[in-house]
Amino acid sequence: MRQQVEGQDTLRQIFPGELAADSLNGLAADSLFTGAAAGSAQTDTALIVLNPDGLEGDVDYEARDSIVYAIVEQKIFLYGQARVTYGTIDLQAAYIEFNWADQTVSAWGHPDTTGKVRGKPAFKDGEDGFTADTVRYNFKSKKGRISNMRTEQQGGYLGFEESKKNEYEEIFGYKGYYTTCSDPDPHFHIQAGKVKLVPGELVVTGPANLVIADVPTPLFLPFAVFPLQKGRKSGLLLPEYGESQQLGFYLRNGGWYFAVSDFLDLTLTGDIYSRGSWRGNLASSYRKRYAYTGRVTANFANTRFGFPLEADYRVTRDFRVTWNHSQDAKAHPNSRFSANVTAGTSTYTTNASYTTADFLNNQFSSNVSYSRTFTGKPYRLDASVQHNQVLSDNSISLTLPNVVFAVNRINPFERKVRSGSPKWYEQIGFSYRAEARNQITTTDSLLFRAETLDQFRFGVKHNLPVTTSFRVFKHFTLSLNGTYNEYWYPNYLVRSFVPEFLFSEIDSSLTYGFVDTDTLSGFRAARFFNASTSLSTRMFSTFNFRGKKLKAIRHVITPSLSANYQPDFGSNNWNYYGTYSTNAEGNLGTYSKFGNGLFGSPPAGRIGSLGFSLNNVVEAKVATRTDSVAADKKLSLLDALNVAGSYNFAADSFRVSNITLSGRTRLLDRIDVNFSGNFDPYSKDSLGRRQRESEWSATGRPVRFNTGNLAIGTRFNGGTTAEGRERPRWQEWDVWDLDPGYADFNIPWSLSMNYNLTVRNLTNALGSDSLATTQTVTLNGDFNLTDRWKVRFNSGYDFQRKDFTLTTISLDRDLHCWQMSFTWIPFGTLRSYNFTLNVKSSVLQDLRINRKQDWFDEF
């Protein structure tokens, strides 16, 4: 045994029996303070080296108040913040007694002037430890006895009135409990007469009873096992029970969890219903650090609605598969693989899912992609497989694959060593993009048939833009743009009229023929191009004011003129379009030979247009004062107001384009306003068809209103008192007092409101204009009734349907170690509720109460 410090308390060595009663006197007068200033605290010191037989190492000890050596009794008494260490064992307490004759150590706390015991023993052996009222431990046998022990194990807390510790670090407790509540007086616990603790592995109990708020409940268990191992472990997943009005009584989400390895797991769960329905679920997550992570799920359902002898009885079989995979950017800096897959039967969300989010989802989509960049090179390669499935009409689109090769912008005339300003030709640059796509669009029931696979369409698209921009006349920016496009297709269309005399016995009608469209194999290329130029500048005007608050208003105008040219690729010279007879009389129609092409056809009609746009920004400068320091602040009055249109000189009619107007601003630094409008300079007839006559000539109005949109949104949130100070934390209410009876209006809250108005000008049955409006208001927010109560809500109103949108109300309660949540959809198709009261810790995740009514069940 060794204790090395700087002096010794000789009085306590000579008279240990007489001084034993004076076990803790703070900074006693007989304590030594070698080298310490008056009023400071130092560890009492001695230099005695003892070597008890049987111990494998030295025992180090120290105390803040004093150390007493009883030579005859072979004991050492440590007073005041005492500490004994031996190997990995560390014991601290207000009072420690060490008997070197039998290698035992005993520790107690000490009551202060109020009677509260302080300095209770804290025992630690490696990473495991506990606190207790008294501890007696034998260093040689490694056994001990503990009174009123409490320890933390992997997020759980155990306590015993009396316990024993053996040489294998196992602890056997009498009148013990287990809880995940961190409060010294836990709000709930599982109580058992006998408990065994294997630190870091598990807790095993005999007959156990759940106690809530010190009140025993009727819930008893013949035994209980709580795993304490770090990481994931395989085990049973207990199901939740309940009743569905349509499917009967059920057990849901019961199964088994497999911890396959540190990088892979597997969960198998299932649902079973008393009326014959069943569901199986598979989920697997995988992860490799600094490489990738992902998750795969598969759901299968056999659902029976109604009873076999009823007319509305039906059986559905559905499935859904998902896969999410992401790659760590550090794994392969130049390449990346990702996947986001969701596929299944179109009726899965309505027949086999209980969630509102699934019911509102109208499509499944998937994207599996690989991309690669090349170090020091300007090009990039992307390849993907895509899938999109519309659940409402069972249509499905599959792209297998889509490959893109792209070259970033290159300036071929740019000097390698630049000196001075660049020349205009140095800013000429081009980029390139090639895309190859193979795609099919069909219904989910026909997708895997052999004849469907012949309907895949293939195409290649090339895009080569050449651009440059430079300043002219100091204040103007001139941009020049040219684009070349080329499409490759393996087939093309031929359309013709087939004369044939047909008589219909149903309506006695005569048909003299039909239009036949053939798809002929053979490589065809479609090439087209266009050119454009634009000239823009910025103009500023400032209005100064002499007021104390408003200093100035600045108006920034950005006008732009553009010219666009594109040949008529619908002419016979290009051979992209053809003519055919539409009927027996010989009336001719025009069709595109690439009408079935993935990327479309070259545009028909020549374009030689002159366009304009005008952008406006209005700002204000106002005087502010902060901490008696004057300063100017810039405010935006109008973030943007844009007007645009064009005139096509090459068109034979309708040369003036529609006029577009858009803008946005922010009012009171809180309310966002966005608006847009579309106006037609030409009139319409009584059937709503556009006429060559201008609106001005027809009605005297400069333009005709087509469509308009107005969106207003704002968000408010609070968190300070009326005086501007941070809101104080209220008292901690008793965890089981669900109605604390205290409310304050200056509590944290948030509120979002959005208004959307869309107006369309339609032609009614009388041939006059009729405005059709669609307007909705949405509202969502939350607020805290107290520090532990939160209310959340989401709703809206559709003025056209005169009905509320999806409305949800949620109530959450933080119960320290428990949590309560209640979600309610009070009306509509998805009317439902869900109440859950559960323990927060995942160790006792099955200790919960759940009551719910799903949207597909009748109330």
# chains A, B, ... in the order shown; residues from 1 in each chain; ligands from 1
$ closest_atom_pairs --of "segment 400-505 of chain A" --to "segment 524-547 of chain A" --cutoff "12 Å" --atoms "only C-alpha atoms" --output "JSON lines"
{"residue": "A:Phe458", "atom": "CA", "partner": "A:Arg524", "partner_atom": "CA", "distance": 11.9}
{"residue": "A:Gly459", "atom": "CA", "partner": "A:Ala525", "partner_atom": "CA", "distance": 9.9}
{"residue": "A:Val460", "atom": "CA", "partner": "A:Ala525", "partner_atom": "CA", "distance": 9.4}
{"residue": "A:Lys461", "atom": "CA", "partner": "A:Ala526", "partner_atom": "CA", "distance": 9.5}
{"residue": "A:His462", "atom": "CA", "partner": "A:Arg527", "partner_atom": "CA", "distance": 9.3}
{"residue": "A:Asn463", "atom": "CA", "partner": "A:Phe529", "partner_atom": "CA", "distance": 9.6}
{"residue": "A:Leu464", "atom": "CA", "partner": "A:Phe529", "partner_atom": "CA", "distance": 9.4}
{"residue": "A:Pro465", "atom": "CA", "partner": "A:Phe529", "partner_atom": "CA", "distance": 9.5}
{"residue": "A:Val466", "atom": "CA", "partner": "A:Ala531", "partner_atom": "CA", "distance": 9.4}
{"residue": "A:Thr467", "atom": "CA", "partner": "A:Thr533", "partner_atom": "CA", "distance": 9.6}
{"residue": "A:Thr468", "atom": "CA", "partner": "A:Thr533", "partner_atom": "CA", "distance": 9.7}
{"residue": "A:Ser469", "atom": "CA", "partner": "A:Ser534", "partner_atom": "CA", "distance": 9.2}
{"residue": "A:Phe470", "atom": "CA", "partner": "A:Leu535", "partner_atom": "CA", "distance": 10.0}
{"residue": "A:Arg471", "atom": "CA", "partner": "A:Leu535", "partner_atom": "CA", "distance": 9.4}
{"residue": "A:Val472", "atom": "CA", "partner": "A:Leu535", "partner_atom": "CA", "distance": 9.2}
{"residue": "A:Phe473", "atom": "CA", "partner": "A:Thr537", "partner_atom": "CA", "distance": 10.4}
{"residue": "A:Lys474", "atom": "CA", "partner": "A:Thr537", "partner_atom": "CA", "distance": 9.7}
{"residue": "A:His475", "atom": "CA", "partner": "A:Thr537", "partner_atom": "CA", "distance": 6.2}
{"residue": "A:Phe476", "atom": "CA", "partner": "A:Thr537", "partner_atom": "CA", "distance": 4.8}
{"residue": "A:Thr477", "atom": "CA", "partner": "A:Ser536", "partner_atom": "CA", "distance": 5.4}
{"residue": "A:Leu478", "atom": "CA", "partner": "A:Leu535", "partner_atom": "CA", "distance": 4.7}
{"residue": "A:Ser479", "atom": "CA", "partner": "A:Ser534", "partner_atom": "CA", "distance": 5.2}
{"residue": "A:Leu480", "atom": "CA", "partner": "A:Thr533", "partner_atom": "CA", "distance": 4.5}
{"residue": "A:Asn481", "atom": "CA", "partner": "A:Ser532", "partner_atom": "CA", "distance": 5.2}
{"residue": "A:Gly482", "atom": "CA", "partner": "A:Ala531", "partner_atom": "CA", "distance": 4.3}
{"residue": "A:Thr483", "atom": "CA", "partner": "A:Phe529", "partner_atom": "CA", "distance": 5.5}
{"residue": "A:Tyr484", "atom": "CA", "partner": "A:Phe529", "partner_atom": "CA", "distance": 4.5}
{"residue": "A:Asn485", "atom": "CA", "partner": "A:Phe528", "partner_atom": "CA", "distance": 5.4}
{"residue": "A:Glu486", "atom": "CA", "partner": "A:Arg527", "partner_atom": "CA", "distance": 4.4}
{"residue": "A:Tyr487", "atom": "CA", "partner": "A:Ala526", "partner_atom": "CA", "distance": 5.0}
{"residue": "A:Trp488", "atom": "CA", "partner": "A:Ala525", "partner_atom": "CA", "distance": 4.6}
{"residue": "A:Tyr489", "atom": "CA", "partner": "A:Arg524", "partner_atom": "CA", "distance": 5.4}
{"residue": "A:Pro490", "atom": "CA", "partner": "A:Arg524", "partner_atom": "CA", "distance": 6.4}
{"residue": "A:Asn491", "atom": "CA", "partner": "A:Arg524", "partner_atom": "CA", "distance": 6.7}
{"residue": "A:Tyr492", "atom": "CA", "partner": "A:Arg524", "partner_atom": "CA", "distance": 7.1}
{"residue": "A:Leu493", "atom": "CA", "partner": "A:Arg524", "partner_atom": "CA", "distance": 10.6}
$ write_last_selection --atoms "C-alpha atoms" --output "PDB file, in the first residue's frame"
ATOM      1  CA  PHE A 458     -35.156   5.152 -78.412  1.00  0.00           C
ATOM      2  CA  GLY A 459     -33.547   8.450 -79.309  1.00  0.00           C
ATOM      3  CA  VAL A 460     -30.364  10.498 -79.051  1.00  0.00           C
ATOM      4  CA  LYS A 461     -30.293  14.274 -78.595  1.00  0.00           C
ATOM      5  CA  HIS A 462     -27.294  16.541 -79.247  1.00  0.00           C
ATOM      6  CA  ASN A 463     -27.144  20.137 -78.051  1.00  0.00           C
ATOM      7  CA  LEU A 464     -24.321  22.573 -78.866  1.00  0.00           C
ATOM      8  CA  PRO A 465     -24.746  26.198 -77.645  1.00  0.00           C
ATOM      9  CA  VAL A 466     -22.195  28.886 -78.526  1.00  0.00           C
ATOM     10  CA  THR A 467     -22.348  32.082 -76.479  1.00  0.00           C
ATOM     11  CA  THR A 468     -20.426  35.260 -75.780  1.00  0.00           C
ATOM     12  CA  SER A 469     -21.043  38.601 -74.115  1.00  0.00           C
ATOM     13  CA  PHE A 470     -19.090  41.830 -73.839  1.00  0.00           C
ATOM     14  CA  ARG A 471     -19.595  45.515 -73.125  1.00  0.00           C
ATOM     15  CA  VAL A 472     -20.274  48.059 -75.839  1.00  0.00           C
ATOM     16  CA  PHE A 473     -20.467  51.847 -75.528  1.00  0.00           C
ATOM     17  CA  LYS A 474     -19.324  51.491 -71.871  1.00  0.00           C
ATOM     18  CA  HIS A 475     -22.793  51.065 -70.384  1.00  0.00           C
ATOM     19  CA  PHE A 476     -24.344  48.317 -72.508  1.00  0.00           C
ATOM     20  CA  THR A 477     -23.904  44.542 -72.463  1.00  0.00           C
ATOM     21  CA  LEU A 478     -24.207  42.741 -75.781  1.00  0.00           C
ATOM     22  CA  SER A 479     -24.848  38.979 -75.791  1.00  0.00           C
ATOM     23  CA  LEU A 480     -24.660  36.721 -78.834  1.00  0.00           C
ATOM     24  CA  ASN A 481     -26.055  33.197 -78.772  1.00  0.00           C
ATOM     25  CA  GLY A 482     -26.341  30.373 -81.252  1.00  0.00           C
ATOM     26  CA  THR A 483     -27.648  26.840 -80.658  1.00  0.00           C
ATOM     27  CA  TYR A 484     -27.380  23.727 -82.801  1.00  0.00           C
ATOM     28  CA  ASN A 485     -29.596  20.708 -82.065  1.00  0.00           C
ATOM     29  CA  GLU A 486     -29.682  17.267 -83.625  1.00  0.00           C
ATOM     30  CA  TYR A 487     -32.006  14.328 -82.902  1.00  0.00           C
ATOM     31  CA  TRP A 488     -31.331  10.707 -83.896  1.00  0.00           C
ATOM     32  CA  TYR A 489     -34.193   8.232 -84.211  1.00  0.00           C
ATOM     33  CA  PRO A 490     -34.282   4.550 -85.360  1.00  0.00           C
ATOM     34  CA  ASN A 491     -37.665   4.946 -87.087  1.00  0.00           C
ATOM     35  CA  TYR A 492     -40.064   7.499 -88.526  1.00  0.00           C
ATOM     36  CA  LEU A 493     -43.756   7.898 -89.379  1.00  0.00           C
TER      37      LEU A 493
END
$ select_by_dssp --residues "segment 82-243 of chain A" --states "strand (DSSP E or B)" --output "PyMOL selection string"
chain A and resi 82-86+89-99+104-108+110-111+117-118+122-125+128-131+134-138+143-153+156-165+171-179+188-198+202-205+208-212+215-221+224-227+235-237+240-243
$ residues_around --residues "Arg289 of chain A" --least-positions-apart "3" --cutoff "12 Å" --atoms "only C-alpha atoms" --output "list in words"
Asp262, Phe263, Leu264, Tyr286, Tyr292, Thr293, Gly294, Ser326, Gln327, Asp328, Ala329, Lys330 and Ala331 of chain A
$ write_last_selection --atoms "C-alpha atoms" --output "mmCIF file, in the first residue's frame"
data_model
loop_
_atom_site.group_PDB
_atom_site.id
_atom_site.type_symbol
_atom_site.label_atom_id
_atom_site.label_comp_id
_atom_site.auth_asym_id
_atom_site.auth_seq_id
_atom_site.Cartn_x
_atom_site.Cartn_y
_atom_site.Cartn_z
ATOM 1 C CA ASP A 262 -22.270 -3.991 -37.238
ATOM 2 C CA PHE A 263 -22.957 -2.948 -40.824
ATOM 3 C CA LEU A 264 -26.197 -4.794 -41.636
ATOM 4 C CA TYR A 286 -26.807 -1.209 -44.240
ATOM 5 C CA TYR A 292 -22.171 4.260 -48.321
ATOM 6 C CA THR A 293 -25.459 3.856 -46.480
ATOM 7 C CA GLY A 294 -28.851 2.561 -47.544
ATOM 8 C CA SER A 326 -26.367 7.198 -50.881
ATOM 9 C CA GLN A 327 -22.624 7.284 -51.245
ATOM 10 C CA ASP A 328 -20.229 9.160 -49.020
ATOM 11 C CA ALA A 329 -18.525 11.922 -50.989
ATOM 12 C CA LYS A 330 -15.173 10.858 -49.540
ATOM 13 C CA ALA A 331 -15.419 7.301 -50.878
#
$ select_by_dssp --residues "segment 189-407 of chain A" --states "helix (DSSP H, G or I)" --output "ChimeraX atom specification"
/A:348-351,356-360
$ residues_around --residues "segment 270-281 of chain A" --least-positions-apart "2" --cutoff "6 Å" --atoms "only C-alpha atoms" --output "list of chain:residue names"
A:Leu247, A:Gly248, A:Phe249, A:Tyr250, A:Leu251, A:Arg252, A:Asn253, A:Gly254, A:Leu268, A:Ala298, A:Asn299, A:Phe300, A:Ala301, A:Asn302, A:Thr303, A:Arg304
$ residues_around --residues "Arg690 of chain A" --least-positions-apart "6" --cutoff "10 Å" --atoms "only C-alpha atoms" --output "number ranges by chain"
A: 654, 680, 682-684
$ residues_around --residues "segment 631-640 of chain A" --least-positions-apart "4" --cutoff "7 Å" --atoms "only C-alpha atoms" --output "ChimeraX atom specification"
/A:615-625,663-665
$ closest_residue --among "A:Gln566, A:Asn780, A:Ser592, A:Thr297" --to "Ala651 of chain A" --atoms "only C-alpha atoms"
A:Gln566
$ atom_distance --atom1 "atom CA of Arg287 of chain A" --atom2 "atom CA of Asp846 of chain A"
25.9 Å
$ closest_residue --among "A:Val203, A:Leu837, A:Ala213, A:Leu614" --to "Ala644 of chain A" --atoms "only C-alpha atoms"
A:Leu614
$ atom_distance --atom1 "atom CA of Asp125 of chain A" --atom2 "atom CA of Lys142 of chain A"
10.9 Å
$ residues_around --residues "Lys790 of chain A" --least-positions-apart "3" --cutoff "7 Å" --atoms "only C-alpha atoms" --output "number ranges by chain"
A: 782-785, 811-813
$ write_last_selection --atoms "N, CA and C atoms" --output "PDB file, in the first residue's frame"
ATOM      1  N   ASP A 782     -48.004  26.389 -34.392  1.00  0.00           N
ATOM      2  CA  ASP A 782     -47.934  25.675 -33.128  1.00  0.00           C
ATOM      3  C   ASP A 782     -47.690  26.680 -32.023  1.00  0.00           C
ATOM      4  N   PHE A 783     -48.005  26.284 -30.812  1.00  0.00           N
ATOM      5  CA  PHE A 783     -47.735  27.129 -29.653  1.00  0.00           C
ATOM      6  C   PHE A 783     -47.629  26.244 -28.420  1.00  0.00           C
ATOM      7  N   ASN A 784     -46.869  26.739 -27.430  1.00  0.00           N
ATOM      8  CA  ASN A 784     -46.673  26.014 -26.186  1.00  0.00           C
ATOM      9  C   ASN A 784     -47.614  26.575 -25.124  1.00  0.00           C
ATOM     10  N   LEU A 785     -48.461  25.715 -24.578  1.00  0.00           N
ATOM     11  CA  LEU A 785     -49.282  26.145 -23.449  1.00  0.00           C
ATOM     12  C   LEU A 785     -48.412  26.352 -22.219  1.00  0.00           C
ATOM     13  N   LEU A 811     -51.673  17.396 -30.282  1.00  0.00           N
ATOM     14  CA  LEU A 811     -51.392  17.812 -28.912  1.00  0.00           C
ATOM     15  C   LEU A 811     -50.268  16.941 -28.383  1.00  0.00           C
ATOM     16  N   ASP A 812     -49.186  17.568 -27.928  1.00  0.00           N
ATOM     17  CA  ASP A 812     -48.022  16.843 -27.426  1.00  0.00           C
ATOM     18  C   ASP A 812     -47.734  17.247 -25.994  1.00  0.00           C
ATOM     19  N   ARG A 813     -47.342  16.276 -25.190  1.00  0.00           N
ATOM     20  CA  ARG A 813     -47.023  16.519 -23.786  1.00  0.00           C
ATOM     21  C   ARG A 813     -45.700  15.841 -23.456  1.00  0.00           C
TER      22      ARG A 813
END
$ closest_residue --among "A:Phe172, A:Phe679, A:Phe799, A:Trp108" --to "Lys143 of chain A" --atoms "only C-alpha atoms"
A:Phe172
